[in-house]
file my_file_14.cif (mmCIF, C-alpha atoms)
data_input
#
loop_
_atom_site.label_atom_id
_atom_site.label_comp_id
_atom_site.auth_asym_id
_atom_site.auth_seq_id
_atom_site.Cartn_x
_atom_site.Cartn_y
_atom_site.Cartn_z
CA MET A 1 12.86 -36.18 -0.09
CA SER A 2 13.57 -33.86 -2.98
CA LEU A 3 12.02 -30.44 -2.84
CA GLN A 4 9.74 -28.98 -5.46
CA VAL A 5 10.93 -25.77 -7.09
CA ILE A 6 8.83 -22.80 -8.19
CA GLU A 7 10.73 -20.46 -10.48
CA ASN A 8 10.01 -16.75 -10.80
CA ALA A 9 7.69 -16.72 -7.83
CA THR A 10 6.41 -13.36 -6.60
CA CYS A 11 7.08 -11.88 -3.17
CA THR A 12 4.65 -9.29 -1.83
CA PHE A 13 6.28 -8.41 1.46
CA CYS A 14 7.10 -4.86 0.36
CA GLY A 15 6.07 -2.65 -2.54
CA CYS A 16 8.91 -3.90 -4.77
CA VAL A 17 6.91 -7.10 -5.50
CA CYS A 18 10.00 -8.95 -6.79
CA ASP A 19 9.00 -11.61 -9.28
CA ASP A 20 12.26 -13.54 -9.61
CA ILE A 21 12.21 -15.62 -6.43
CA GLU A 22 13.06 -19.32 -6.59
CA LEU A 23 11.09 -21.19 -3.94
CA HIS A 24 12.08 -24.68 -2.75
CA HIS A 25 9.20 -26.29 -0.89
CA ASP A 26 7.70 -29.62 0.15
CA GLU A 27 4.05 -28.44 0.02
CA PHE A 28 4.12 -27.94 3.76
CA ARG A 29 6.94 -25.51 4.32
CA ILE A 30 9.17 -23.32 2.16
CA HIS A 31 12.79 -24.28 2.81
CA LYS A 32 14.67 -21.89 0.54
CA ALA A 33 13.82 -18.61 -1.14
CA HIS A 34 16.65 -17.78 -3.56
CA HIS A 35 17.10 -14.14 -4.64
CA ALA A 36 14.76 -12.93 -1.89
CA CYS A 37 16.03 -10.22 0.49
CA VAL A 38 16.19 -10.59 4.29
CA LEU A 39 12.60 -9.40 4.71
CA GLY A 40 11.24 -11.65 1.94
CA THR A 41 13.17 -14.71 3.13
CA ALA A 42 11.90 -14.34 6.68
CA TRP A 43 8.36 -13.92 5.39
CA PHE A 44 8.46 -16.97 3.09
CA LEU A 45 10.12 -19.24 5.63
CA ASN A 46 7.82 -18.29 8.52
CA HIS A 47 4.62 -19.42 6.82
CA THR A 48 3.63 -23.07 6.75
CA ALA A 49 0.61 -25.05 5.57
CA GLU A 50 -0.03 -26.35 9.09
CA LYS A 51 -3.34 -25.75 10.83
CA LYS A 52 -2.15 -23.42 13.55
CA TYR A 53 -5.40 -21.57 14.23
CA PRO A 54 -9.07 -22.59 14.35
CA VAL A 55 -10.95 -22.21 11.06
CA ALA A 56 -13.09 -19.48 12.59
CA LEU A 57 -13.92 -17.85 15.91
CA VAL A 58 -17.33 -16.39 16.73
CA ASP A 59 -17.48 -14.48 20.03
CA GLY A 60 -14.19 -16.09 21.02
CA ARG A 61 -15.47 -19.66 20.52
CA GLU A 62 -14.42 -21.98 17.72
CA ALA A 63 -16.94 -22.21 14.92
CA THR A 64 -17.30 -23.70 11.47
CA LEU A 65 -16.70 -21.62 8.36
CA ASP A 66 -20.42 -21.65 7.47
CA GLU A 67 -21.42 -20.38 10.93
CA ALA A 68 -18.80 -17.63 10.80
CA ILE A 69 -19.85 -16.50 7.30
CA GLU A 70 -23.51 -16.38 8.39
CA ALA A 71 -22.60 -14.44 11.56
CA ALA A 72 -20.49 -11.98 9.56
CA ALA A 73 -23.26 -11.48 6.99
CA THR A 74 -25.84 -10.91 9.75
CA TYR A 75 -23.70 -8.36 11.63
CA LEU A 76 -22.87 -6.45 8.45
CA HIS A 77 -26.45 -6.53 7.19
CA GLU A 78 -27.87 -5.30 10.50
CA ALA A 79 -25.47 -2.35 10.65
CA ASP A 80 -26.53 1.08 9.41
CA MET A 81 -23.01 2.20 8.54
CA PRO A 82 -20.61 -0.73 8.15
CA LEU A 83 -16.95 -0.10 7.38
CA VAL A 84 -14.84 -2.23 5.03
CA TYR A 85 -11.17 -1.60 5.77
CA GLY A 86 -7.70 -2.96 5.08
CA MET A 87 -7.08 -4.86 1.87
CA SER A 88 -3.31 -4.43 1.85
CA ASN A 89 -2.28 -8.02 2.51
CA THR A 90 -4.65 -9.62 0.07
CA THR A 91 -5.03 -10.25 -3.64
CA CYS A 92 -6.66 -7.94 -6.18
CA GLU A 93 -9.38 -10.55 -6.71
CA ALA A 94 -10.31 -10.40 -3.01
CA GLN A 95 -10.10 -6.58 -3.08
CA LYS A 96 -12.64 -6.51 -5.89
CA GLU A 97 -15.01 -8.63 -3.77
CA CYS A 98 -14.50 -6.17 -0.89
CA VAL A 99 -15.56 -3.25 -3.10
CA ALA A 100 -18.67 -5.23 -4.06
CA LEU A 101 -19.32 -5.89 -0.35
CA ALA A 102 -19.14 -2.19 0.59
CA ASP A 103 -21.30 -1.31 -2.44
CA GLN A 104 -23.94 -3.89 -1.55
CA LEU A 105 -24.00 -2.78 2.10
CA GLY A 106 -24.10 0.93 1.30
CA GLY A 107 -21.16 1.30 3.67
CA LEU A 108 -17.72 2.84 3.91
CA LEU A 109 -14.67 1.57 2.03
CA ASP A 110 -11.10 2.46 2.89
CA SER A 111 -7.57 1.10 2.71
CA HIS A 112 -4.25 1.53 4.50
CA THR A 113 -3.45 4.43 2.19
CA SER A 114 -5.58 6.85 4.22
CA LEU A 115 -3.64 6.28 7.47
CA MET B 116 -4.41 19.30 -7.72
CA GLY B 117 -4.08 15.95 -9.33
CA GLY B 118 -1.97 13.96 -11.68
CA LYS B 119 1.37 12.31 -11.20
CA VAL B 120 4.18 12.33 -13.73
CA THR B 121 5.47 8.82 -13.39
CA CYS B 122 6.85 5.77 -15.17
CA THR B 123 7.57 2.11 -14.49
CA LEU B 124 10.54 0.79 -12.54
CA GLY B 125 11.78 -0.75 -15.81
CA GLU B 126 12.24 2.75 -17.25
CA VAL B 127 14.01 3.86 -14.08
CA LYS B 128 16.34 0.88 -14.40
CA GLN B 129 17.09 1.63 -18.06
CA ARG B 130 17.27 5.43 -18.06
CA ALA B 131 17.31 7.23 -14.70
CA ASP B 132 20.70 8.90 -14.21
CA PHE B 133 19.53 11.04 -11.30
CA ILE B 134 17.62 9.52 -8.40
CA ILE B 135 16.31 11.24 -5.30
CA TYR B 136 14.89 9.33 -2.35
CA TRP B 137 12.87 11.67 -0.14
CA GLY B 138 11.80 10.53 3.32
CA GLY B 139 12.40 6.85 2.69
CA ASN B 140 14.88 4.21 3.80
CA PRO B 141 15.06 1.70 0.94
CA ALA B 142 18.18 0.00 2.35
CA GLU B 143 16.07 -1.37 5.18
CA CYS B 144 12.48 -1.20 3.91
CA HIS B 145 12.83 -2.09 0.22
CA PRO B 146 16.17 -3.94 0.27
CA ARG B 147 16.29 -4.85 -3.42
CA HIS B 148 15.21 -1.46 -4.75
CA PHE B 149 18.80 -0.26 -5.26
CA THR B 150 20.10 -3.41 -6.85
CA LYS B 151 17.12 -4.34 -8.99
CA TYR B 152 15.83 -1.00 -10.25
CA THR B 153 17.61 2.16 -9.33
CA ILE B 154 21.31 2.65 -8.78
CA MET B 155 23.22 -0.59 -9.34
CA GLN B 156 21.87 -1.78 -12.70
CA LYS B 157 23.76 -1.34 -15.96
CA SER B 158 21.70 -0.63 -19.05
CA LYS B 159 21.96 0.36 -22.71
CA PHE B 160 21.70 4.03 -21.76
CA LEU B 161 23.76 3.81 -18.57
CA PRO B 162 26.45 1.25 -19.44
CA ARG B 163 28.63 1.98 -16.41
CA GLY B 164 25.78 1.35 -13.97
CA ARG B 165 26.40 2.94 -10.59
CA LYS B 166 29.07 5.30 -12.02
CA ASP B 167 26.55 6.75 -14.48
CA ARG B 168 23.98 7.47 -11.81
CA THR B 169 23.75 10.02 -9.03
CA MET B 170 21.72 9.25 -5.93
CA VAL B 171 20.52 11.86 -3.45
CA LEU B 172 18.89 11.02 -0.14
CA VAL B 173 16.75 13.60 1.65
CA ASP B 174 15.89 12.67 5.22
CA ILE B 175 15.81 14.02 8.74
CA ARG B 176 18.28 11.45 10.08
CA GLU B 177 21.18 9.46 8.71
CA THR B 178 19.69 6.04 7.93
CA LYS B 179 21.47 3.02 6.44
CA SER B 180 20.44 4.27 2.99
CA ALA B 181 22.75 7.29 3.45
CA LYS B 182 25.77 5.00 2.87
CA ALA B 183 24.55 4.27 -0.65
CA ALA B 184 23.91 7.93 -1.46
CA ASP B 185 26.27 10.27 -3.33
CA ILE B 186 24.68 13.25 -1.61
CA PHE B 187 22.89 13.10 1.72
CA LEU B 188 20.75 16.12 2.60
CA ARG B 189 19.78 16.20 6.24
CA ILE B 190 16.84 18.54 6.63
CA ARG B 191 15.11 19.79 9.75
CA PRO B 192 12.10 17.68 10.80
CA GLY B 193 8.79 18.95 9.44
CA LYS B 194 10.44 21.26 6.88
CA ASP B 195 9.79 19.11 3.80
CA PHE B 196 7.07 21.35 2.41
CA GLU B 197 9.25 24.44 2.91
CA LEU B 198 12.20 22.85 1.08
CA ILE B 199 10.03 21.67 -1.82
CA THR B 200 8.51 25.13 -2.13
CA ILE B 201 11.98 26.75 -2.09
CA LEU B 202 13.12 24.33 -4.81
CA ARG B 203 10.04 25.15 -6.89
CA ALA B 204 10.76 28.87 -6.55
CA LEU B 205 14.50 28.70 -7.27
CA ILE B 206 14.01 26.39 -10.25
CA LYS B 207 11.92 29.09 -11.88
CA GLY B 208 14.41 31.79 -10.90
CA HIS B 209 12.33 33.45 -8.19
CA PRO B 210 14.29 35.02 -5.31
CA VAL B 211 14.25 33.24 -1.93
CA GLY B 212 15.38 34.89 1.29
CA ASP B 213 18.22 33.60 3.49
CA ASP B 214 15.89 33.16 6.47
CA GLU B 215 13.62 30.83 4.50
CA ILE B 216 16.59 28.75 3.37
CA ALA B 217 18.10 28.60 6.88
CA GLU B 218 14.79 27.23 8.19
CA THR B 219 15.19 24.01 6.18
CA GLY B 220 18.56 23.17 7.74
CA LEU B 221 20.41 23.34 4.39
CA SER B 222 22.67 26.04 2.96
CA ARG B 223 22.00 28.01 -0.22
CA GLU B 224 25.05 26.41 -1.92
CA VAL B 225 23.74 22.90 -1.27
CA ILE B 226 20.29 23.74 -2.62
CA GLU B 227 21.70 25.46 -5.70
CA ASP B 228 23.99 22.50 -6.35
CA LEU B 229 20.96 20.18 -6.09
CA ILE B 230 19.02 22.32 -8.57
CA SER B 231 21.84 22.40 -11.11
CA ARG B 232 22.15 18.61 -10.85
CA MET B 233 18.39 18.18 -11.23
CA LYS B 234 18.31 20.41 -14.31
CA GLY B 235 21.43 18.75 -15.73
CA ALA B 236 20.06 15.22 -15.47
CA LYS B 237 18.82 13.36 -18.54
CA PHE B 238 16.18 11.44 -16.63
CA GLY B 239 15.42 12.26 -13.02
CA CYS B 240 13.32 10.19 -10.67
CA LEU B 241 11.96 11.22 -7.27
CA PHE B 242 10.97 8.42 -4.92
CA PHE B 243 9.05 9.62 -1.89
CA GLY B 244 8.33 7.61 1.24
CA MET B 245 6.30 7.81 4.41
CA GLY B 246 8.87 10.22 5.86
CA LEU B 247 7.36 12.80 3.53
CA SER B 248 3.69 11.84 3.50
CA MET B 249 3.32 11.03 7.22
CA THR B 250 4.98 14.13 8.63
CA ARG B 251 3.61 17.64 9.18
CA GLY B 252 1.80 18.67 5.99
CA LYS B 253 0.94 15.07 5.06
CA HIS B 254 -0.73 14.88 1.64
CA MET B 255 0.14 18.52 0.94
CA ASN B 256 3.82 17.46 0.99
CA SER B 257 3.15 14.75 -1.59
CA ALA B 258 1.15 17.20 -3.72
CA ALA B 259 3.97 19.79 -3.58
CA LEU B 260 6.49 17.15 -4.58
CA LEU B 261 4.34 16.07 -7.53
CA TYR B 262 4.08 19.73 -8.58
CA LEU B 263 7.87 20.04 -8.36
CA THR B 264 8.23 16.95 -10.55
CA ALA B 265 5.77 18.23 -13.14
CA GLU B 266 7.49 21.64 -13.21
CA MET B 267 10.93 20.05 -13.63
CA ASN B 268 9.72 18.75 -17.00
CA ALA B 269 10.15 22.29 -18.36
CA PHE B 270 13.90 21.56 -18.13
CA THR B 271 14.40 17.81 -18.39
CA LYS B 272 12.56 14.50 -18.04
CA PHE B 273 11.52 14.06 -14.41
CA VAL B 274 9.20 11.54 -12.80
CA ALA B 275 7.96 10.76 -9.28
CA MET B 276 6.94 7.51 -7.63
CA PRO B 277 5.71 6.77 -4.10
CA MET B 278 7.65 4.07 -2.21
CA ARG B 279 4.67 1.88 -1.35
CA GLY B 280 5.08 -0.68 1.38
CA HIS B 281 2.93 -3.46 2.73
CA GLY B 282 2.43 -5.90 -0.11
CA ASN B 283 -0.57 -5.04 -2.18
CA VAL B 284 -1.60 -1.54 -0.99
CA THR B 285 -0.99 -0.32 -4.52
CA GLY B 286 -3.45 -2.96 -5.71
CA ALA B 287 -6.08 -1.70 -3.27
CA ASP B 288 -5.74 1.82 -4.74
CA VAL B 289 -5.90 0.53 -8.29
CA ILE B 290 -8.89 -1.75 -7.69
CA MET B 291 -10.85 0.98 -5.88
CA ARG B 292 -10.06 3.48 -8.65
CA TRP B 293 -11.17 0.95 -11.24
CA GLN B 294 -14.41 0.02 -9.46
CA THR B 295 -15.46 3.35 -7.93
CA GLY B 296 -13.34 6.09 -9.49
CA PHE B 297 -11.68 6.95 -6.16
CA PRO B 298 -8.58 5.48 -4.49
CA PHE B 299 -9.65 5.35 -0.79
CA GLY B 300 -11.93 7.05 1.76
CA ILE B 301 -15.15 6.13 -0.05
CA SER B 302 -18.76 6.07 1.14
CA PHE B 303 -21.57 4.20 -0.63
CA ASN B 304 -24.27 5.37 1.78
CA ARG B 305 -26.14 7.30 -0.90
CA GLY B 306 -26.04 4.31 -3.22
CA TYR B 307 -23.19 5.72 -5.31
CA PRO B 308 -19.53 6.25 -4.39
CA ARG B 309 -18.46 9.53 -2.79
CA TYR B 310 -14.87 10.42 -1.88
CA ASN B 311 -13.91 12.49 1.13
CA PRO B 312 -10.76 11.65 3.11
CA GLY B 313 -11.06 13.04 6.62
CA GLU B 314 -14.78 12.24 6.65
CA PHE B 315 -14.73 8.68 5.29
CA SER B 316 -11.15 7.67 6.17
CA THR B 317 -10.98 4.88 8.74
CA VAL B 318 -9.16 6.55 11.64
CA ASP B 319 -11.51 9.53 11.56
CA VAL B 320 -14.61 7.32 11.24
CA LEU B 321 -13.53 5.13 14.17
CA VAL B 322 -12.40 7.96 16.45
CA ARG B 323 -15.72 9.77 15.93
CA GLY B 324 -17.59 6.47 16.34
CA ASP B 325 -19.42 6.87 13.03
CA CYS B 326 -19.59 3.22 11.96
CA ASP B 327 -21.62 0.51 13.69
CA ALA B 328 -19.85 -2.54 12.24
CA ALA B 329 -16.40 -3.14 10.77
CA PHE B 330 -15.08 -5.67 8.29
CA ILE B 331 -11.28 -5.87 8.45
CA ILE B 332 -9.30 -7.82 5.85
CA GLY B 333 -5.53 -8.09 5.45
CA ALA B 334 -4.83 -5.45 8.11
CA ASP B 335 -4.33 -5.26 11.86
CA PRO B 336 -5.71 -1.92 13.06
CA GLY B 337 -5.72 -3.29 16.63
CA ALA B 338 -1.91 -3.02 16.54
CA THR B 339 -1.48 0.16 14.53
CA MET B 340 -4.31 2.60 15.16
CA PRO B 341 -4.75 5.16 17.95
CA GLN B 342 -6.41 3.88 21.13
CA PRO B 343 -9.80 5.66 20.68
CA ALA B 344 -10.14 3.95 17.26
CA ILE B 345 -9.32 0.55 18.78
CA ASP B 346 -11.83 1.17 21.59
CA HIS B 347 -14.54 1.77 19.02
CA LEU B 348 -13.61 -1.43 17.13
CA ALA B 349 -14.09 -3.35 20.39
CA ARG B 350 -17.50 -1.70 20.98
CA ILE B 351 -19.02 -2.55 17.60
CA PRO B 352 -19.29 -5.95 15.88
CA THR B 353 -15.95 -6.38 14.12
CA ILE B 354 -15.27 -9.14 11.58
CA VAL B 355 -11.66 -10.03 10.79
CA LEU B 356 -10.25 -12.08 7.92
CA ASP B 357 -6.57 -12.87 8.45
CA PRO B 358 -4.11 -15.78 8.15
CA HIS B 359 -3.22 -15.23 11.82
CA VAL B 360 -5.20 -14.54 14.98
CA THR B 361 -4.20 -10.88 15.32
CA HIS B 362 -4.66 -8.15 17.91
CA THR B 363 -7.79 -7.11 16.03
CA SER B 364 -9.10 -10.71 16.04
CA ARG B 365 -8.97 -10.70 19.84
CA LEU B 366 -11.41 -7.80 20.06
CA ALA B 367 -13.56 -8.98 17.14
CA ARG B 368 -16.88 -10.85 17.26
CA VAL B 369 -15.99 -12.94 14.21
CA HIS B 370 -12.55 -14.09 13.06
CA ILE B 371 -12.11 -16.23 9.94
CA THR B 372 -8.68 -17.70 9.21
CA THR B 373 -7.75 -17.45 5.54
CA ALA B 374 -4.88 -18.69 3.39
CA PRO B 375 -1.91 -16.27 3.25
CA GLN B 376 -1.66 -14.56 -0.16
CA VAL B 377 1.30 -15.55 -2.36
CA ILE B 378 2.35 -18.35 -0.04
CA ALA B 379 -0.89 -20.30 -0.37
CA ALA B 380 -3.44 -18.15 -2.21
CA PRO B 381 -3.24 -17.39 -5.94
CA GLY B 382 -4.17 -14.08 -7.56
CA THR B 383 -2.63 -10.79 -8.62
CA ALA B 384 -0.65 -8.13 -6.75
CA TYR B 385 0.44 -4.67 -7.90
CA ARG B 386 4.02 -3.41 -7.73
CA MET B 387 4.66 0.16 -6.54
CA ASP B 388 4.77 1.37 -10.16
CA GLU B 389 1.27 -0.05 -10.69
CA LEU B 390 2.27 -3.07 -12.71
CA PRO B 391 0.19 -6.18 -11.95
CA MET B 392 2.16 -9.32 -11.07
CA PRO B 393 0.73 -12.84 -11.01
CA LEU B 394 1.23 -14.77 -7.77
CA LYS B 395 2.57 -18.32 -7.72
CA PRO B 396 1.52 -19.97 -4.46
CA ALA B 397 3.81 -22.71 -3.18
CA LEU B 398 1.83 -24.31 -0.36
CA LYS B 399 -1.62 -25.83 -0.04
CA SER B 400 -3.31 -24.11 2.86
CA PRO B 401 -5.98 -25.86 4.94
CA TYR B 402 -7.84 -22.54 5.00
CA PRO B 403 -10.03 -20.92 2.30
CA THR B 404 -8.77 -17.87 0.39
CA ASP B 405 -9.85 -14.31 1.17
CA GLU B 406 -11.57 -14.10 -2.21
CA GLU B 407 -13.71 -17.18 -1.52
CA VAL B 408 -14.75 -16.05 1.97
CA VAL B 409 -15.66 -12.49 0.93
CA ARG B 410 -17.61 -13.83 -2.05
CA ARG B 411 -19.57 -16.18 0.23
CA ILE B 412 -20.32 -13.32 2.65
CA ASN B 413 -21.52 -11.27 -0.34
CA GLU B 414 -23.78 -14.11 -1.40
CA ALA B 415 -25.17 -14.51 2.13
CA ILE B 416 -25.95 -10.77 2.31
CA ALA B 417 -27.54 -10.79 -1.15
CA LYS B 418 -30.15 -13.25 0.19
CA LYS B 419 -31.25 -10.72 2.83
CA PRO B 420 -33.52 -7.73 2.09
CA PHE B 421 -31.74 -4.70 0.56
CA TRP B 422 -30.82 -1.91 3.00
CA LEU B 423 -33.38 0.62 1.70
CA PRO B 424 -36.53 0.83 3.93
CA ASP B 425 -38.69 -1.11 1.44
CA GLY B 426 -36.06 -3.83 1.17
CA ASN B 427 -35.71 -3.53 -2.60
CA GLN B 428 -32.81 -2.45 -4.78
CA PRO B 429 -33.48 0.86 -6.57
CA GLN B 430 -34.76 0.30 -10.09
CA ILE B 431 -33.98 2.37 -13.17
CA VAL B 432 -37.29 3.86 -14.24
CA ALA B 433 -37.70 4.83 -17.88
CA THR B 434 -38.97 8.38 -18.32
CA LYS B 435 -40.30 10.03 -21.43
#

call {"tool": "encode", "arguments": {"input": "my_file_14.cif", "output": "structure tokens"}}
result
Amino acid sequence: MSLQVIENATCTFCGCVCDDIELHHDEFRIHKAHHACVLGTAWFLNHTAEKKYPVALVDGREATLDEAIEAAATYLHEADMPLVYGMSNTTCEAQKECVALADQLGGLLDSHTSL
Amino acid sequence: MGGKVTCTLGEVKQRADFIIYWGGNPAECHPRHFTKYTIMQKSKFLPRGRKDRTMVLVDIRETKSAKAADIFLRIRPGKDFELITILRALIKGHPVGDDEIAETGLSREVIEDLISRMKGAKFGCLFFGMGLSMTRGKHMNSAALLYLTAEMNAFTKFVAMPMRGHGNVTGADVIMRWQTGFPFGISFNRGYPRYNPGEFSTVDVLVRGDCDAAFIIGADPGATMPQPAIDHLARIPTIVLDPHVTHTSRLARVHITTAPQVIAAPGTAYRMDELPMPLKPALKSPYPTDEEVVRRINEAIAKKPFWLPDGNQPQIVATK
């Protein structure tokens, strides 16, 4: 089976965010990452589209996405001082939603930068 | 304090003939930094590439990056602030005593040679890593270095850039600045954003036990934070969004698996010089994206009463 090629793909493993990577993939696994460094290659090749983990866990038990979202919303809403933290391994679009979440909750917002 | 004299990596690639890495190890942590942006590239202004550029590495130990450096300055651990302050003084021609210089682990000749090279450069660039910002002095070290960079512009063009790691941390800073006016350590508990690192920064909040719920996305504090902070995360309801079941997921009440960014989730990520890059996902993940999940949580919370005692959002009241 011939592999599909994505040219000028972006790698976000480190802060360099190289945007000249050539990815060869079969929609399930990335087989080659040309131009990527050792760190980037390892990162691209170690991720697959397989379903390795349950969709969601609530109190350690498997749950549906809807149940998990409702549980998360309830916990965050009940809290007096919720904390929204992290945001380094995610997209800017998701980060913007996180700011909206902290704003709506009247909570705390922080990223890896403060460590 | 405030302000950073900086530029993009494209300008560094085209123009920087003098590069200092301070407290960073790009050879192992940012492997393509040398070849893509800093020392190896040839350009219109630096046609001989590596031969036209000088690279200085300042660190407390000889890392793999030292092999690529023209000058390696091994300083005593925790003396970064002292060395920066000495440089700032000598650059302006102020006298500095021998005892102060000896404390840094460098000799006066080496420091004076560094200064003459810095002043003689056409375009200098200072990259600073966690070795500077995570050692004794912390953000004061970064501030001193940014002062040094700004002051160098009295003599020649000089810029500074932090060596950001970890994918899109730069994006998190940029997005928070755009949305709230502050880069991190923000509290919305008065209904408007307030900034106070030390009070609102995560480690401090968790160690003191100030928060009563935590929403963790794209991070694994269960593997990186001090034990008292982790203990508090286990005590309170913690919600984790991550492509993997992480250490934090194991102590969380709710874990939601999401699609890994870049590999299966589209969007934007910021490079360390604050340039946004579009992502081109290759795989189709069976999991939803972070953006979708957070938006749905936002929508679910919006259906509940607002957190003020009367359950209503504050209204803008017209006054005459």

call {"tool": "closest_residue", "arguments": {"input": "my_file_14.cif", "among": "B:Pro352, B:Pro420, B:Gly138, B:Gly220", "to": "Met245 in chain B", "atoms": "all atoms listed in the file"}}
result
B:Gly138

call {"tool": "interface_residues", "arguments": {"input": "my_file_14.cif", "of": "chain A", "to": "chain B", "cutoff": "6 Å", "atoms": "only C-alpha atoms", "output": "JSON, numbers by chain"}}
result
{"A": [9, 10, 12, 13, 14, 15, 16, 17, 27, 28, 49, 55, 56, 57, 58, 59, 69, 73, 79, 81, 82, 83, 84, 85, 86, 87, 88, 89, 90, 91, 92, 94, 101, 103, 106, 107, 108, 109, 110, 111, 114]}

call {"tool": "closest_residue", "arguments": {"input": "my_file_14.cif", "among": "A:Val99, A:Leu76, A:Leu45, A:Ala63", "to": "His31 in chain A", "atoms": "all atoms listed in the file"}}
result
A:Leu45

call {"tool": "resolve_selection", "arguments": {"input": "my_file_14.cif", "expression": "the PyMOL selection byres ((chain B and resi 229) around 12)", "output": "ChimeraX atom specification"}}
result
/B:133-135,169-173,185-188,198-199,201-202,205-206,221-228,230-236,239

call {"tool": "write_last_selection", "arguments": {"input": "my_file_14.cif", "atoms": "C-alpha atoms", "output": "compact mmCIF listing (two decimals), in the frame of the given file"}}
result
# COMPACT_ATOMS: atom_id res chain seq x y z
CA PHE B 133 19.53 11.04 -11.30
CA ILE B 134 17.62 9.52 -8.40
CA ILE B 135 16.31 11.24 -5.30
CA THR B 169 23.75 10.02 -9.03
CA MET B 170 21.72 9.25 -5.93
CA VAL B 171 20.52 11.86 -3.45
CA LEU B 172 18.89 11.02 -0.14
CA VAL B 173 16.75 13.60 1.65
CA ASP B 185 26.27 10.27 -3.33
CA ILE B 186 24.68 13.25 -1.61
CA PHE B 187 22.89 13.10 1.72
CA LEU B 188 20.75 16.12 2.60
CA LEU B 198 12.20 22.85 1.08
CA ILE B 199 10.03 21.67 -1.82
CA ILE B 201 11.98 26.75 -2.09
CA LEU B 202 13.12 24.33 -4.81
CA LEU B 205 14.50 28.70 -7.27
CA ILE B 206 14.01 26.39 -10.25
CA LEU B 221 20.41 23.34 4.39
CA SER B 222 22.67 26.04 2.96
CA ARG B 223 22.00 28.01 -0.22
CA GLU B 224 25.05 26.41 -1.92
CA VAL B 225 23.74 22.90 -1.27
CA ILE B 226 20.29 23.74 -2.62
CA GLU B 227 21.70 25.46 -5.70
CA ASP B 228 23.99 22.50 -6.35
CA ILE B 230 19.02 22.32 -8.57
CA SER B 231 21.84 22.40 -11.11
CA ARG B 232 22.15 18.61 -10.85
CA MET B 233 18.39 18.18 -11.23
CA LYS B 234 18.31 20.41 -14.31
CA GLY B 235 21.43 18.75 -15.73
CA ALA B 236 20.06 15.22 -15.47
CA GLY B 239 15.42 12.26 -13.02

call {"tool": "closest_residue", "arguments": {"input": "my_file_14.cif", "among": "B:Arg168, B:Leu260, B:Asp174, B:Pro424", "to": "Asp80 in chain A", "atoms": "only C-alpha atoms"}}
result
B:Pro424

call {"tool": "build_atoms", "arguments": {"input": "my_file_14.cif", "residues": "range 68-76 of chain A", "atoms": "N, CA, C and O atoms", "output": "PDB file, in the coordinates of the input"}}
result
ATOM      1  N   ALA A  68     -19.491 -18.921  10.744  1.00  0.00           N
ATOM      2  CA  ALA A  68     -18.800 -17.630  10.800  1.00  0.00           C
ATOM      3  C   ALA A  68     -19.245 -16.728   9.657  1.00  0.00           C
ATOM      4  O   ALA A  68     -19.443 -15.524   9.850  1.00  0.00           O
ATOM      5  N   ILE A  69     -19.412 -17.299   8.462  1.00  0.00           N
ATOM      6  CA  ILE A  69     -19.850 -16.500   7.300  1.00  0.00           C
ATOM      7  C   ILE A  69     -21.252 -15.968   7.555  1.00  0.00           C
ATOM      8  O   ILE A  69     -21.546 -14.791   7.303  1.00  0.00           O
ATOM      9  N   GLU A  70     -22.130 -16.818   8.119  1.00  0.00           N
ATOM     10  CA  GLU A  70     -23.510 -16.380   8.390  1.00  0.00           C
ATOM     11  C   GLU A  70     -23.514 -15.279   9.460  1.00  0.00           C
ATOM     12  O   GLU A  70     -24.215 -14.274   9.334  1.00  0.00           O
ATOM     13  N   ALA A  71     -22.673 -15.455  10.497  1.00  0.00           N
ATOM     14  CA  ALA A  71     -22.600 -14.440  11.560  1.00  0.00           C
ATOM     15  C   ALA A  71     -22.090 -13.119  10.992  1.00  0.00           C
ATOM     16  O   ALA A  71     -22.642 -12.041  11.297  1.00  0.00           O
ATOM     17  N   ALA A  72     -21.058 -13.197  10.159  1.00  0.00           N
ATOM     18  CA  ALA A  72     -20.490 -11.980   9.560  1.00  0.00           C
ATOM     19  C   ALA A  72     -21.536 -11.282   8.704  1.00  0.00           C
ATOM     20  O   ALA A  72     -21.720 -10.059   8.797  1.00  0.00           O
ATOM     21  N   ALA A  73     -22.251 -12.056   7.873  1.00  0.00           N
ATOM     22  CA  ALA A  73     -23.260 -11.480   6.990  1.00  0.00           C
ATOM     23  C   ALA A  73     -24.368 -10.819   7.817  1.00  0.00           C
ATOM     24  O   ALA A  73     -24.825  -9.721   7.481  1.00  0.00           O
ATOM     25  N   THR A  74     -24.765 -11.470   8.923  1.00  0.00           N
ATOM     26  CA  THR A  74     -25.840 -10.910   9.750  1.00  0.00           C
ATOM     27  C   THR A  74     -25.395  -9.600  10.400  1.00  0.00           C
ATOM     28  O   THR A  74     -26.115  -8.606  10.352  1.00  0.00           O
ATOM     29  N   TYR A  75     -24.191  -9.589  10.998  1.00  0.00           N
ATOM     30  CA  TYR A  75     -23.700  -8.360  11.630  1.00  0.00           C
ATOM     31  C   TYR A  75     -23.616  -7.220  10.623  1.00  0.00           C
ATOM     32  O   TYR A  75     -24.039  -6.092  10.900  1.00  0.00           O
ATOM     33  N   LEU A  76     -23.067  -7.509   9.444  1.00  0.00           N
ATOM     34  CA  LEU A  76     -22.870  -6.450   8.450  1.00  0.00           C
ATOM     35  C   LEU A  76     -24.214  -5.970   7.910  1.00  0.00           C
ATOM     36  O   LEU A  76     -24.413  -4.789   7.673  1.00  0.00           O
TER      37      LEU A  76
END
